[in-house]
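To be precise, the following lines are model20.cif, and they hold mmCIF, C-alpha atoms, pLDDT in the B column; chains and numbers go by the auth columns.
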```cif
data_start
#
loop_
_atom_site.group_PDB
_atom_site.id
_atom_site.type_symbol
_atom_site.label_atom_id
_atom_site.label_comp_id
_atom_site.label_asym_id
_atom_site.label_seq_id
_atom_site.Cartn_x
_atom_site.Cartn_y
_atom_site.Cartn_z
_atom_site.B_iso_or_equiv
_atom_site.auth_seq_id
_atom_site.auth_asym_id
ATOM 1 C CA MET A 1 45.199 -58.367 -39.768 57.00 1 A
ATOM 2 C CA LYS A 2 42.479 -59.159 -42.312 73.00 2 A
ATOM 3 C CA ASN A 3 43.797 -56.472 -44.681 73.00 3 A
ATOM 4 C CA ARG A 4 47.349 -57.799 -44.305 78.00 4 A
ATOM 5 C CA THR A 5 46.251 -61.357 -45.150 87.00 5 A
ATOM 6 C CA LEU A 6 44.349 -60.041 -48.184 86.00 6 A
ATOM 7 C CA PHE A 7 47.430 -58.051 -49.269 81.00 7 A
ATOM 8 C CA ILE A 8 49.706 -61.114 -48.993 85.00 8 A
ATOM 9 C CA LEU A 9 47.196 -63.327 -50.837 90.00 9 A
ATOM 10 C CA GLY A 10 46.831 -60.658 -53.534 87.00 10 A
ATOM 11 C CA MET A 11 50.594 -60.402 -53.964 85.00 11 A
ATOM 12 C CA ILE A 12 50.944 -64.216 -54.183 89.00 12 A
ATOM 13 C CA PHE A 13 48.182 -64.289 -56.818 92.00 13 A
ATOM 14 C CA ILE A 14 49.775 -61.461 -58.871 89.00 14 A
ATOM 15 C CA VAL A 15 53.271 -63.014 -58.696 89.00 15 A
ATOM 16 C CA GLY A 16 51.765 -66.404 -59.609 91.00 16 A
ATOM 17 C CA CYS A 17 50.048 -64.861 -62.635 91.00 17 A
ATOM 18 C CA ILE A 18 53.254 -63.069 -63.729 88.00 18 A
ATOM 19 C CA LEU A 19 55.315 -66.283 -63.462 88.00 19 A
ATOM 20 C CA PHE A 20 52.621 -68.387 -65.130 90.00 20 A
ATOM 21 C CA GLY A 21 52.349 -65.865 -67.982 87.00 21 A
ATOM 22 C CA GLY A 22 56.138 -65.760 -68.337 85.00 22 A
ATOM 23 C CA PHE A 23 56.505 -69.552 -68.471 85.00 23 A
ATOM 24 C CA LEU A 24 53.561 -69.779 -70.878 86.00 24 A
ATOM 25 C CA GLY A 25 55.313 -67.244 -73.127 82.00 25 A
ATOM 26 C CA ILE A 26 58.550 -69.252 -72.995 82.00 26 A
ATOM 27 C CA TYR A 27 56.634 -72.469 -73.779 83.00 27 A
ATOM 28 C CA ILE A 28 54.882 -70.798 -76.743 81.00 28 A
ATOM 29 C CA ILE A 29 58.003 -69.310 -78.322 78.00 29 A
ATOM 30 C CA GLY A 30 59.935 -72.518 -77.676 72.00 30 A
ATOM 31 C CA GLU A 31 62.425 -73.730 -75.105 67.00 31 A
ATOM 32 C CA GLU A 32 65.414 -73.182 -77.420 69.00 32 A
ATOM 33 C CA THR A 33 64.764 -69.526 -78.164 67.00 33 A
ATOM 34 C CA GLY A 34 63.092 -68.619 -74.875 61.00 34 A
ATOM 35 C CA GLY A 35 64.897 -70.847 -72.400 64.00 35 A
ATOM 36 C CA TYR A 36 67.457 -68.219 -71.439 73.00 36 A
ATOM 37 C CA MET A 37 64.602 -65.838 -70.502 75.00 37 A
ATOM 38 C CA ALA A 38 63.448 -67.883 -67.477 79.00 38 A
ATOM 39 C CA ILE A 39 66.102 -66.644 -65.017 83.00 39 A
ATOM 40 C CA PRO A 40 65.760 -62.901 -65.870 83.00 40 A
ATOM 41 C CA MET A 41 61.974 -63.309 -65.642 84.00 41 A
ATOM 42 C CA ILE A 42 62.063 -64.888 -62.170 86.00 42 A
ATOM 43 C CA VAL A 43 64.708 -62.445 -60.898 88.00 43 A
ATOM 44 C CA GLY A 44 62.773 -59.498 -62.387 87.00 44 A
ATOM 45 C CA THR A 45 59.524 -60.602 -60.746 87.00 45 A
ATOM 46 C CA LEU A 46 61.185 -61.066 -57.354 88.00 46 A
ATOM 47 C CA LEU A 47 62.953 -57.688 -57.681 91.00 47 A
ATOM 48 C CA GLY A 48 59.614 -56.096 -58.552 88.00 48 A
ATOM 49 C CA VAL A 49 58.001 -57.580 -55.436 87.00 49 A
ATOM 50 C CA LEU A 50 60.946 -56.440 -53.304 90.00 50 A
ATOM 51 C CA ILE A 51 60.806 -52.865 -54.686 91.00 51 A
ATOM 52 C CA THR A 52 57.012 -52.714 -54.150 86.00 52 A
ATOM 53 C CA TRP A 53 57.432 -53.956 -50.578 85.00 53 A
ATOM 54 C CA LEU A 54 60.189 -51.391 -49.886 90.00 54 A
ATOM 55 C CA ILE A 55 58.071 -48.545 -51.345 87.00 55 A
ATOM 56 C CA THR A 56 55.107 -49.640 -49.171 82.00 56 A
ATOM 57 C CA LYS A 57 57.327 -49.636 -46.054 84.00 57 A
ATOM 58 C CA TRP A 58 58.777 -46.205 -46.948 87.00 58 A
ATOM 59 C CA SER A 59 55.313 -44.800 -47.629 80.00 59 A
ATOM 60 C CA LYS A 60 54.040 -46.139 -44.276 79.00 60 A
ATOM 61 C CA ARG A 61 56.959 -44.560 -42.436 81.00 61 A
ATOM 62 C CA ARG A 62 56.402 -41.230 -44.216 79.00 62 A
ATOM 63 C CA ASN A 63 52.598 -41.012 -44.030 75.00 63 A
ATOM 64 C CA GLY A 64 51.914 -43.001 -40.871 77.00 64 A
ATOM 65 C CA ASN A 65 48.925 -45.315 -40.715 80.00 65 A
ATOM 66 C CA VAL A 66 47.068 -43.657 -43.622 82.00 66 A
ATOM 67 C CA PRO A 67 45.320 -46.226 -45.857 83.00 67 A
ATOM 68 C CA ASN A 68 46.144 -46.541 -49.568 80.00 68 A
ATOM 69 C CA PHE A 69 42.499 -46.798 -50.593 82.00 69 A
ATOM 70 C CA ASP A 70 39.283 -45.274 -49.302 87.00 70 A
ATOM 71 C CA GLU A 71 35.723 -44.634 -50.520 90.00 71 A
ATOM 72 C CA ARG A 72 36.824 -41.799 -52.851 91.00 72 A
ATOM 73 C CA SER A 73 39.589 -43.890 -54.458 91.00 73 A
ATOM 74 C CA ILE A 74 37.043 -46.646 -55.163 92.00 74 A
ATOM 75 C CA ILE A 75 34.609 -44.153 -56.763 93.00 75 A
ATOM 76 C CA LEU A 76 37.416 -42.660 -58.888 93.00 76 A
ATOM 77 C CA MET A 77 38.584 -46.132 -59.922 93.00 77 A
ATOM 78 C CA LYS A 78 35.004 -47.134 -60.875 94.00 78 A
ATOM 79 C CA ARG A 79 34.673 -44.051 -63.095 94.00 79 A
ATOM 80 C CA TYR A 80 38.091 -44.640 -64.634 94.00 80 A
ATOM 81 C CA LEU A 81 37.366 -48.288 -65.423 94.00 81 A
ATOM 82 C CA MET A 82 33.982 -47.357 -66.907 95.00 82 A
ATOM 83 C CA ILE A 83 35.681 -44.833 -69.211 95.00 83 A
ATOM 84 C CA VAL A 84 38.330 -47.452 -70.116 94.00 84 A
ATOM 85 C CA LEU A 85 35.587 -49.979 -70.930 95.00 85 A
ATOM 86 C CA TYR A 86 33.786 -47.667 -73.351 95.00 86 A
ATOM 87 C CA VAL A 87 36.980 -46.288 -74.919 95.00 87 A
ATOM 88 C CA LEU A 88 38.190 -49.862 -75.522 93.00 88 A
ATOM 89 C CA LEU A 89 34.823 -51.132 -76.807 94.00 89 A
ATOM 90 C CA ILE A 90 34.168 -48.224 -79.164 96.00 90 A
ATOM 91 C CA GLY A 91 37.835 -47.623 -79.993 94.00 91 A
ATOM 92 C CA SER A 92 38.602 -51.230 -80.953 93.00 92 A
ATOM 93 C CA GLY A 93 35.370 -51.490 -82.951 95.00 93 A
ATOM 94 C CA ALA A 94 36.177 -48.289 -84.819 96.00 94 A
ATOM 95 C CA THR A 95 39.784 -49.402 -85.413 93.00 95 A
ATOM 96 C CA LEU A 96 38.607 -52.717 -86.873 93.00 96 A
ATOM 97 C CA LEU A 97 36.130 -50.959 -89.178 95.00 97 A
ATOM 98 C CA ILE A 98 38.784 -48.481 -90.344 95.00 98 A
ATOM 99 C CA LEU A 99 41.298 -51.294 -90.928 93.00 99 A
ATOM 100 C CA TYR A 100 38.720 -53.305 -92.913 94.00 100 A
ATOM 101 C CA SER A 101 37.817 -50.287 -95.027 95.00 101 A
ATOM 102 C CA MET A 102 41.531 -49.733 -95.667 93.00 102 A
ATOM 103 C CA GLY A 103 41.806 -53.257 -97.058 92.00 103 A
ATOM 104 C CA VAL A 104 43.377 -55.029 -94.050 89.00 104 A
ATOM 105 C CA TYR A 105 41.532 -58.387 -93.881 90.00 105 A
ATOM 106 C CA PHE A 106 43.896 -60.400 -91.669 90.00 106 A
ATOM 107 C CA ILE A 107 45.577 -59.597 -88.350 89.00 107 A
ATOM 108 C CA GLU A 108 48.538 -61.567 -87.043 90.00 108 A
ATOM 109 C CA THR A 109 47.919 -63.021 -83.563 88.00 109 A
ATOM 110 C CA GLY A 110 51.384 -61.912 -82.451 87.00 110 A
ATOM 111 C CA MET A 111 50.397 -58.323 -83.275 88.00 111 A
ATOM 112 C CA LEU A 112 47.197 -58.750 -81.214 90.00 112 A
ATOM 113 C CA ILE A 113 49.267 -59.950 -78.231 88.00 113 A
ATOM 114 C CA VAL A 114 51.544 -56.886 -78.529 91.00 114 A
ATOM 115 C CA CYS A 115 48.446 -54.661 -78.828 90.00 115 A
ATOM 116 C CA LEU A 116 46.845 -56.181 -75.705 91.00 116 A
ATOM 117 C CA MET A 117 50.119 -55.856 -73.783 91.00 117 A
ATOM 118 C CA THR A 118 50.203 -52.143 -74.661 92.00 118 A
ATOM 119 C CA PHE A 119 46.576 -51.793 -73.500 92.00 119 A
ATOM 120 C CA TYR A 120 47.353 -53.521 -70.187 92.00 120 A
ATOM 121 C CA PHE A 121 50.344 -51.243 -69.674 92.00 121 A
ATOM 122 C CA ILE A 122 48.427 -48.035 -70.457 93.00 122 A
ATOM 123 C CA ILE A 123 45.442 -49.100 -68.308 93.00 123 A
ATOM 124 C CA GLY A 124 47.829 -49.958 -65.454 92.00 124 A
ATOM 125 C CA VAL A 125 49.572 -46.574 -65.643 93.00 125 A
ATOM 126 C CA GLY A 126 46.159 -44.859 -65.817 93.00 126 A
ATOM 127 C CA ALA A 127 44.951 -46.768 -62.731 91.00 127 A
ATOM 128 C CA PHE A 128 48.111 -45.742 -60.870 88.00 128 A
ATOM 129 C CA ILE A 129 47.524 -42.071 -61.755 91.00 129 A
ATOM 130 C CA THR A 130 43.810 -42.319 -60.830 89.00 130 A
ATOM 131 C CA LYS A 131 44.736 -43.733 -57.420 82.00 131 A
ATOM 132 C CA ARG A 132 47.027 -40.758 -56.815 79.00 132 A
ATOM 133 C CA LEU A 133 44.346 -38.145 -57.676 78.00 133 A
ATOM 134 C CA MET B 1 22.661 -26.902 -54.903 77.00 1 B
ATOM 135 C CA LYS B 2 26.212 -27.356 -53.744 85.00 2 B
ATOM 136 C CA VAL B 3 27.173 -28.736 -50.336 86.00 3 B
ATOM 137 C CA ILE B 4 29.613 -26.482 -48.504 85.00 4 B
ATOM 138 C CA ASN B 5 31.562 -27.528 -45.421 87.00 5 B
ATOM 139 C CA HIS B 6 33.567 -25.860 -42.686 87.00 6 B
ATOM 140 C CA ILE B 7 35.885 -28.795 -42.064 90.00 7 B
ATOM 141 C CA ARG B 8 39.091 -26.865 -42.804 91.00 8 B
ATOM 142 C CA ASP B 9 38.214 -24.064 -40.358 90.00 9 B
ATOM 143 C CA ILE B 10 37.167 -26.469 -37.620 91.00 10 B
ATOM 144 C CA ARG B 11 40.241 -28.656 -38.178 91.00 11 B
ATOM 145 C CA LEU B 12 42.610 -25.690 -37.979 92.00 12 B
ATOM 146 C CA GLU B 13 40.735 -24.378 -34.916 90.00 13 B
ATOM 147 C CA LYS B 14 41.364 -27.711 -33.171 89.00 14 B
ATOM 148 C CA GLY B 15 45.009 -27.805 -34.350 91.00 15 B
ATOM 149 C CA ILE B 16 44.686 -31.085 -36.236 90.00 16 B
ATOM 150 C CA THR B 17 46.809 -31.775 -39.344 90.00 17 B
ATOM 151 C CA GLN B 18 45.426 -33.357 -42.530 89.00 18 B
ATOM 152 C CA VAL B 19 47.630 -36.422 -42.028 88.00 19 B
ATOM 153 C CA LYS B 20 46.446 -36.877 -38.410 89.00 20 B
ATOM 154 C CA MET B 21 42.824 -36.541 -39.509 91.00 21 B
ATOM 155 C CA ALA B 22 43.371 -39.013 -42.372 90.00 22 B
ATOM 156 C CA GLU B 23 44.971 -41.479 -39.940 89.00 23 B
ATOM 157 C CA ASP B 24 42.184 -41.149 -37.382 90.00 24 B
ATOM 158 C CA LEU B 25 39.358 -41.484 -39.908 91.00 25 B
ATOM 159 C CA GLN B 26 41.191 -44.091 -42.046 89.00 26 B
ATOM 160 C CA ILE B 27 40.895 -42.095 -45.268 91.00 27 B
ATOM 161 C CA THR B 28 43.604 -40.813 -47.620 89.00 28 B
ATOM 162 C CA ARG B 29 45.105 -37.337 -47.303 89.00 29 B
ATOM 163 C CA GLN B 30 43.906 -36.590 -50.850 90.00 30 B
ATOM 164 C CA THR B 31 40.306 -37.259 -49.717 92.00 31 B
ATOM 165 C CA VAL B 32 40.700 -34.863 -46.777 92.00 32 B
ATOM 166 C CA ASN B 33 41.976 -32.217 -49.192 92.00 33 B
ATOM 167 C CA ALA B 34 39.177 -32.859 -51.717 92.00 34 B
ATOM 168 C CA ILE B 35 36.484 -32.619 -49.004 92.00 35 B
ATOM 169 C CA GLU B 36 37.957 -29.402 -47.593 92.00 36 B
ATOM 170 C CA LYS B 37 38.040 -27.827 -51.056 92.00 37 B
ATOM 171 C CA ASN B 38 34.393 -28.869 -51.615 89.00 38 B
ATOM 172 C CA LYS B 39 35.443 -30.997 -54.585 90.00 39 B
ATOM 173 C CA TYR B 40 34.112 -34.213 -53.059 90.00 40 B
ATOM 174 C CA ASN B 41 31.040 -34.836 -50.912 91.00 41 B
ATOM 175 C CA PRO B 42 31.749 -37.549 -48.338 91.00 42 B
ATOM 176 C CA SER B 43 29.414 -40.528 -47.998 92.00 43 B
ATOM 177 C CA LEU B 44 26.831 -40.457 -45.215 93.00 44 B
ATOM 178 C CA GLU B 45 29.015 -42.869 -43.231 92.00 45 B
ATOM 179 C CA LEU B 46 32.072 -40.619 -43.491 92.00 46 B
ATOM 180 C CA ALA B 47 29.987 -37.498 -42.810 92.00 47 B
ATOM 181 C CA LEU B 48 28.692 -39.078 -39.576 92.00 48 B
ATOM 182 C CA LYS B 49 32.255 -40.061 -38.656 92.00 49 B
ATOM 183 C CA LEU B 50 33.362 -36.442 -39.233 92.00 50 B
ATOM 184 C CA ILE B 51 30.569 -35.121 -36.990 92.00 51 B
ATOM 185 C CA GLU B 52 31.597 -37.543 -34.260 91.00 52 B
ATOM 186 C CA TYR B 53 35.295 -36.763 -34.766 92.00 53 B
ATOM 187 C CA PHE B 54 34.910 -32.992 -34.470 90.00 54 B
ATOM 188 C CA ASN B 55 32.032 -33.254 -31.987 89.00 55 B
ATOM 189 C CA VAL B 56 29.983 -30.533 -33.674 88.00 56 B
ATOM 190 C CA PRO B 57 26.349 -30.478 -34.911 89.00 57 B
ATOM 191 C CA ILE B 58 25.828 -31.433 -38.564 88.00 58 B
ATOM 192 C CA GLU B 59 24.601 -27.950 -39.598 86.00 59 B
ATOM 193 C CA GLU B 60 27.872 -26.483 -38.342 85.00 60 B
ATOM 194 C CA LEU B 61 29.881 -28.846 -40.515 87.00 61 B
ATOM 195 C CA PHE B 62 27.794 -29.053 -43.702 88.00 62 B
ATOM 196 C CA TYR B 63 25.222 -26.768 -45.278 87.00 63 B
ATOM 197 C CA LEU B 64 23.633 -26.233 -48.664 87.00 64 B
ATOM 198 C CA GLU B 65 24.752 -23.245 -50.666 81.00 65 B
ATOM 199 C CA LYS B 66 21.763 -20.929 -50.994 76.00 66 B
ATOM 200 C CA GLU B 67 20.807 -19.997 -54.547 70.00 67 B
ATOM 201 C CA GLU B 68 19.979 -16.347 -55.168 63.00 68 B
ATOM 202 C CA ASN B 69 16.618 -17.014 -56.864 57.00 69 B
ATOM 203 C CA LEU B 70 15.291 -18.977 -53.872 52.00 70 B
#
```

Give the structure from the file, written as structure tokens.
Amino acid sequence: MKNRTLFILGMIFIVGCILFGGFLGIYIIGEETGGYMAIPMIVGTLLGVLITWLITKWSKRRNGNVPNFDERSIILMKRYLMIVLYVLLIGSGATLLILYSMGVYFIETGMLIVCLMTFYFIIGVGAFITKRL
Amino acid sequence: MKVINHIRDIRLEKGITQVKMAEDLQITRQTVNAIEKNKYNPSLELALKLIEYFNVPIEELFYLEKEENL
């Protein structure tokens, strides 16, 4: 029961963050240009939750009462996140130095947002693969 | 020195599947597989659970691989 409550609270938090981020994005780019994005964003988020819930149910029916995470998954995830931390720290530092030496003195914030979004996506996919190992 | 285990043999002897074992011990099937292939050493807590689950003495389940120069 405790795990179920934690799962529901976690899902509410994640969905809240997705919606908040989406609305923040719409607010930043402006109501006129981004206004039409609100409905696809909400529908997409809800569809995502529904698909995740259906996959969880299917997985439970297929594998029985086997947990998704255990001590080994946590150890693997710790190692993965440690590698990600150092790759990001050293990699971004090196990239900045290379860019500066190449004569790039200014970076557009929009480009940084796109860069971070790519990082989040790659880290997320990596975490998913690590969990499956 | 590497830790070797006989979990696979004992499990098969008792006719238990990996999924059933994972369900009973509340671990993932991948962990069962990794332990059986000696790729992962379980924590002391899980090792004690395994001993209790199979009802065998610890030395029958886990032992240290003997090095030739010892």

Exercise for review: May I have the residues at most 12 Å from (46.2, -32.5, -40.7) in the file's coordinates, counting all atoms listed in the file, as a ChimeraX atom specification?
Suggested key: /A:63-64,66 /B:7-25,27-33,36

What does the file look like for those residues with C-alpha atoms, as an mmCIF file, in the coordinates of the input?
```cif
data_model
loop_
_atom_site.group_PDB
_atom_site.id
_atom_site.type_symbol
_atom_site.label_atom_id
_atom_site.label_comp_id
_atom_site.auth_asym_id
_atom_site.auth_seq_id
_atom_site.Cartn_x
_atom_site.Cartn_y
_atom_site.Cartn_z
ATOM 1 C CA ASN A 63 52.598 -41.012 -44.030
ATOM 2 C CA GLY A 64 51.914 -43.001 -40.871
ATOM 3 C CA VAL A 66 47.068 -43.657 -43.622
ATOM 4 C CA ILE B 7 35.885 -28.795 -42.064
ATOM 5 C CA ARG B 8 39.091 -26.865 -42.804
ATOM 6 C CA ASP B 9 38.214 -24.064 -40.358
ATOM 7 C CA ILE B 10 37.167 -26.469 -37.620
ATOM 8 C CA ARG B 11 40.241 -28.656 -38.178
ATOM 9 C CA LEU B 12 42.610 -25.690 -37.979
ATOM 10 C CA GLU B 13 40.735 -24.378 -34.916
ATOM 11 C CA LYS B 14 41.364 -27.711 -33.171
ATOM 12 C CA GLY B 15 45.009 -27.805 -34.350
ATOM 13 C CA ILE B 16 44.686 -31.085 -36.236
ATOM 14 C CA THR B 17 46.809 -31.775 -39.344
ATOM 15 C CA GLN B 18 45.426 -33.357 -42.530
ATOM 16 C CA VAL B 19 47.630 -36.422 -42.028
ATOM 17 C CA LYS B 20 46.446 -36.877 -38.410
ATOM 18 C CA MET B 21 42.824 -36.541 -39.509
ATOM 19 C CA ALA B 22 43.371 -39.013 -42.372
ATOM 20 C CA GLU B 23 44.971 -41.479 -39.940
ATOM 21 C CA ASP B 24 42.184 -41.149 -37.382
ATOM 22 C CA LEU B 25 39.358 -41.484 -39.908
ATOM 23 C CA ILE B 27 40.895 -42.095 -45.268
ATOM 24 C CA THR B 28 43.604 -40.813 -47.620
ATOM 25 C CA ARG B 29 45.105 -37.337 -47.303
ATOM 26 C CA GLN B 30 43.906 -36.590 -50.850
ATOM 27 C CA THR B 31 40.306 -37.259 -49.717
ATOM 28 C CA VAL B 32 40.700 -34.863 -46.777
ATOM 29 C CA ASN B 33 41.976 -32.217 -49.192
ATOM 30 C CA GLU B 36 37.957 -29.402 -47.593
#
```

**Study point:** Test item: the PyMOL selection byres ((chain A) within 9 of (chain B)) resolved as a ChimeraX atom specification
**Key:** /A:63-73,132-133

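This file gives the following result for the PyMOL selection byres ((chain B and resi 60) around 12): Ile4, Asn5, His6, Ile7, Asp9, Ile10, Leu50, Ile51, Phe54, Asn55, Val56, Pro57, Ile58, Glu59, Leu61, Phe62, Tyr63 and Leu64 of chain B.
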
Using the selection just defined, write its residues with C-alpha atoms as a short mmCIF file (atom, residue, chain, number, x, y, z; two decimals), keeping the file's coordinate frame.
```cif
data_model
loop_
_atom_site.label_atom_id
_atom_site.label_comp_id
_atom_site.auth_asym_id
_atom_site.auth_seq_id
_atom_site.Cartn_x
_atom_site.Cartn_y
_atom_site.Cartn_z
CA ILE B 4 29.61 -26.48 -48.50
CA ASN B 5 31.56 -27.53 -45.42
CA HIS B 6 33.57 -25.86 -42.69
CA ILE B 7 35.88 -28.80 -42.06
CA ASP B 9 38.21 -24.06 -40.36
CA ILE B 10 37.17 -26.47 -37.62
CA LEU B 50 33.36 -36.44 -39.23
CA ILE B 51 30.57 -35.12 -36.99
CA PHE B 54 34.91 -32.99 -34.47
CA ASN B 55 32.03 -33.25 -31.99
CA VAL B 56 29.98 -30.53 -33.67
CA PRO B 57 26.35 -30.48 -34.91
CA ILE B 58 25.83 -31.43 -38.56
CA GLU B 59 24.60 -27.95 -39.60
CA LEU B 61 29.88 -28.85 -40.52
CA PHE B 62 27.79 -29.05 -43.70
CA TYR B 63 25.22 -26.77 -45.28
CA LEU B 64 23.63 -26.23 -48.66
#
```

**Study point:** Å distance separating CA of Phe13 (chain A) from CA of Leu50 (chain A), one decimal place
**Key:**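 Spanning CA of Phe13 (chain A) to CA of Leu50 (chain A) is a straight-line distance of 15.4 Å.
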
Point to revise | Counting all atoms listed in the file, the option among A:Met41, A:Val84, A:Leu54, A:Leu96 closest to Gly124 (chain A) | key: A:Val84

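Note that the spacing between CA of Gly16 (chain A) and CA of Met82 (chain A) amounts to 27.1 Å.
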
For region 111-118 of chain A, take all atoms listed in the file, fit an axis-aligned box around them, add 5 Å to each of the six sides, then output centre and edge lengths in Å rounded to one decimal, as JSON.
```
{"center_x": 49.2, "center_y": -56.0, "center_z": -78.5, "size_x": 14.7, "size_y": 17.8, "size_z": 19.5}
```

Exercise for review: On this file, the PyMOL selection byres ((chain A and resi 130) around 9) gives some set of residues; write that set as a ChimeraX atom specification.
Suggested key: /A:73,76-77,80,125-129,131-133

Exercise for review: Tell me, in Å to one decimal, how far CA of Leu97 (chain A) is from CA of Thr118 (chain A).
Suggested key: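 So the answer is 20.3 Å.
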
Exercise for review: Find the residue from B:Lys2, B:Glu52, B:Ala47, B:Asn38 that sits nearest to Glu67 (chain B); use all atoms listed in the file when measuring.
Suggested key: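 Ranking B:Lys2, B:Glu52, B:Ala47, B:Asn38 by distance to Glu67 (chain B), first place goes to B:Lys2.
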
Practice item. Find the residues around Gly22 (chain A) up to 9 Å (all atoms listed in the file counted), leave out those fewer than 5 positions away in its own chain, and share them as a list of chain:residue names. Key: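 Here the answer would be A:Cys17, A:Tyr27, A:Met37, A:Ala38, A:Met41, A:Ile42.
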
Output requested as a PDB file, keeping the file's coordinate frame - region 14-26 of chain B, filled out with N, CA and C atoms.
```pdb
ATOM      1  N   LYS B  14      41.021 -26.669 -34.151  1.00 89.00           N
ATOM      2  CA  LYS B  14      41.364 -27.711 -33.171  1.00 89.00           C
ATOM      3  C   LYS B  14      42.841 -28.112 -33.263  1.00 89.00           C
ATOM      4  N   GLY B  15      43.572 -27.525 -34.208  1.00 91.00           N
ATOM      5  CA  GLY B  15      45.009 -27.805 -34.350  1.00 91.00           C
ATOM      6  C   GLY B  15      45.322 -29.210 -34.823  1.00 91.00           C
ATOM      7  N   ILE B  16      44.467 -29.727 -35.706  1.00 90.00           N
ATOM      8  CA  ILE B  16      44.686 -31.085 -36.236  1.00 90.00           C
ATOM      9  C   ILE B  16      45.237 -30.973 -37.661  1.00 90.00           C
ATOM     10  N   THR B  17      46.250 -31.798 -37.980  1.00 90.00           N
ATOM     11  CA  THR B  17      46.809 -31.775 -39.344  1.00 90.00           C
ATOM     12  C   THR B  17      45.976 -32.695 -40.255  1.00 90.00           C
ATOM     13  N   GLN B  18      46.154 -32.510 -41.565  1.00 89.00           N
ATOM     14  CA  GLN B  18      45.426 -33.357 -42.530  1.00 89.00           C
ATOM     15  C   GLN B  18      45.829 -34.821 -42.385  1.00 89.00           C
ATOM     16  N   VAL B  19      47.133 -35.038 -42.162  1.00 88.00           N
ATOM     17  CA  VAL B  19      47.630 -36.422 -42.028  1.00 88.00           C
ATOM     18  C   VAL B  19      47.045 -37.084 -40.786  1.00 88.00           C
ATOM     19  N   LYS B  20      46.988 -36.331 -39.667  1.00 89.00           N
ATOM     20  CA  LYS B  20      46.446 -36.877 -38.410  1.00 89.00           C
ATOM     21  C   LYS B  20      44.966 -37.228 -38.603  1.00 89.00           C
ATOM     22  N   MET B  21      44.253 -36.321 -39.266  1.00 91.00           N
ATOM     23  CA  MET B  21      42.824 -36.541 -39.509  1.00 91.00           C
ATOM     24  C   MET B  21      42.612 -37.771 -40.414  1.00 91.00           C
ATOM     25  N   ALA B  22      43.469 -37.870 -41.456  1.00 90.00           N
ATOM     26  CA  ALA B  22      43.371 -39.013 -42.372  1.00 90.00           C
ATOM     27  C   ALA B  22      43.652 -40.320 -41.629  1.00 90.00           C
ATOM     28  N   GLU B  23      44.634 -40.287 -40.739  1.00 89.00           N
ATOM     29  CA  GLU B  23      44.971 -41.479 -39.940  1.00 89.00           C
ATOM     30  C   GLU B  23      43.813 -41.874 -39.036  1.00 89.00           C
ATOM     31  N   ASP B  24      43.248 -40.871 -38.343  1.00 90.00           N
ATOM     32  CA  ASP B  24      42.184 -41.149 -37.382  1.00 90.00           C
ATOM     33  C   ASP B  24      40.912 -41.656 -38.054  1.00 90.00           C
ATOM     34  N   LEU B  25      40.603 -41.099 -39.236  1.00 91.00           N
ATOM     35  CA  LEU B  25      39.358 -41.484 -39.908  1.00 91.00           C
ATOM     36  C   LEU B  25      39.572 -42.601 -40.936  1.00 91.00           C
ATOM     37  N   GLN B  26      40.826 -43.041 -41.087  1.00 89.00           N
ATOM     38  CA  GLN B  26      41.191 -44.091 -42.046  1.00 89.00           C
ATOM     39  C   GLN B  26      40.752 -43.751 -43.474  1.00 89.00           C
TER      40      GLN B  26
END
```
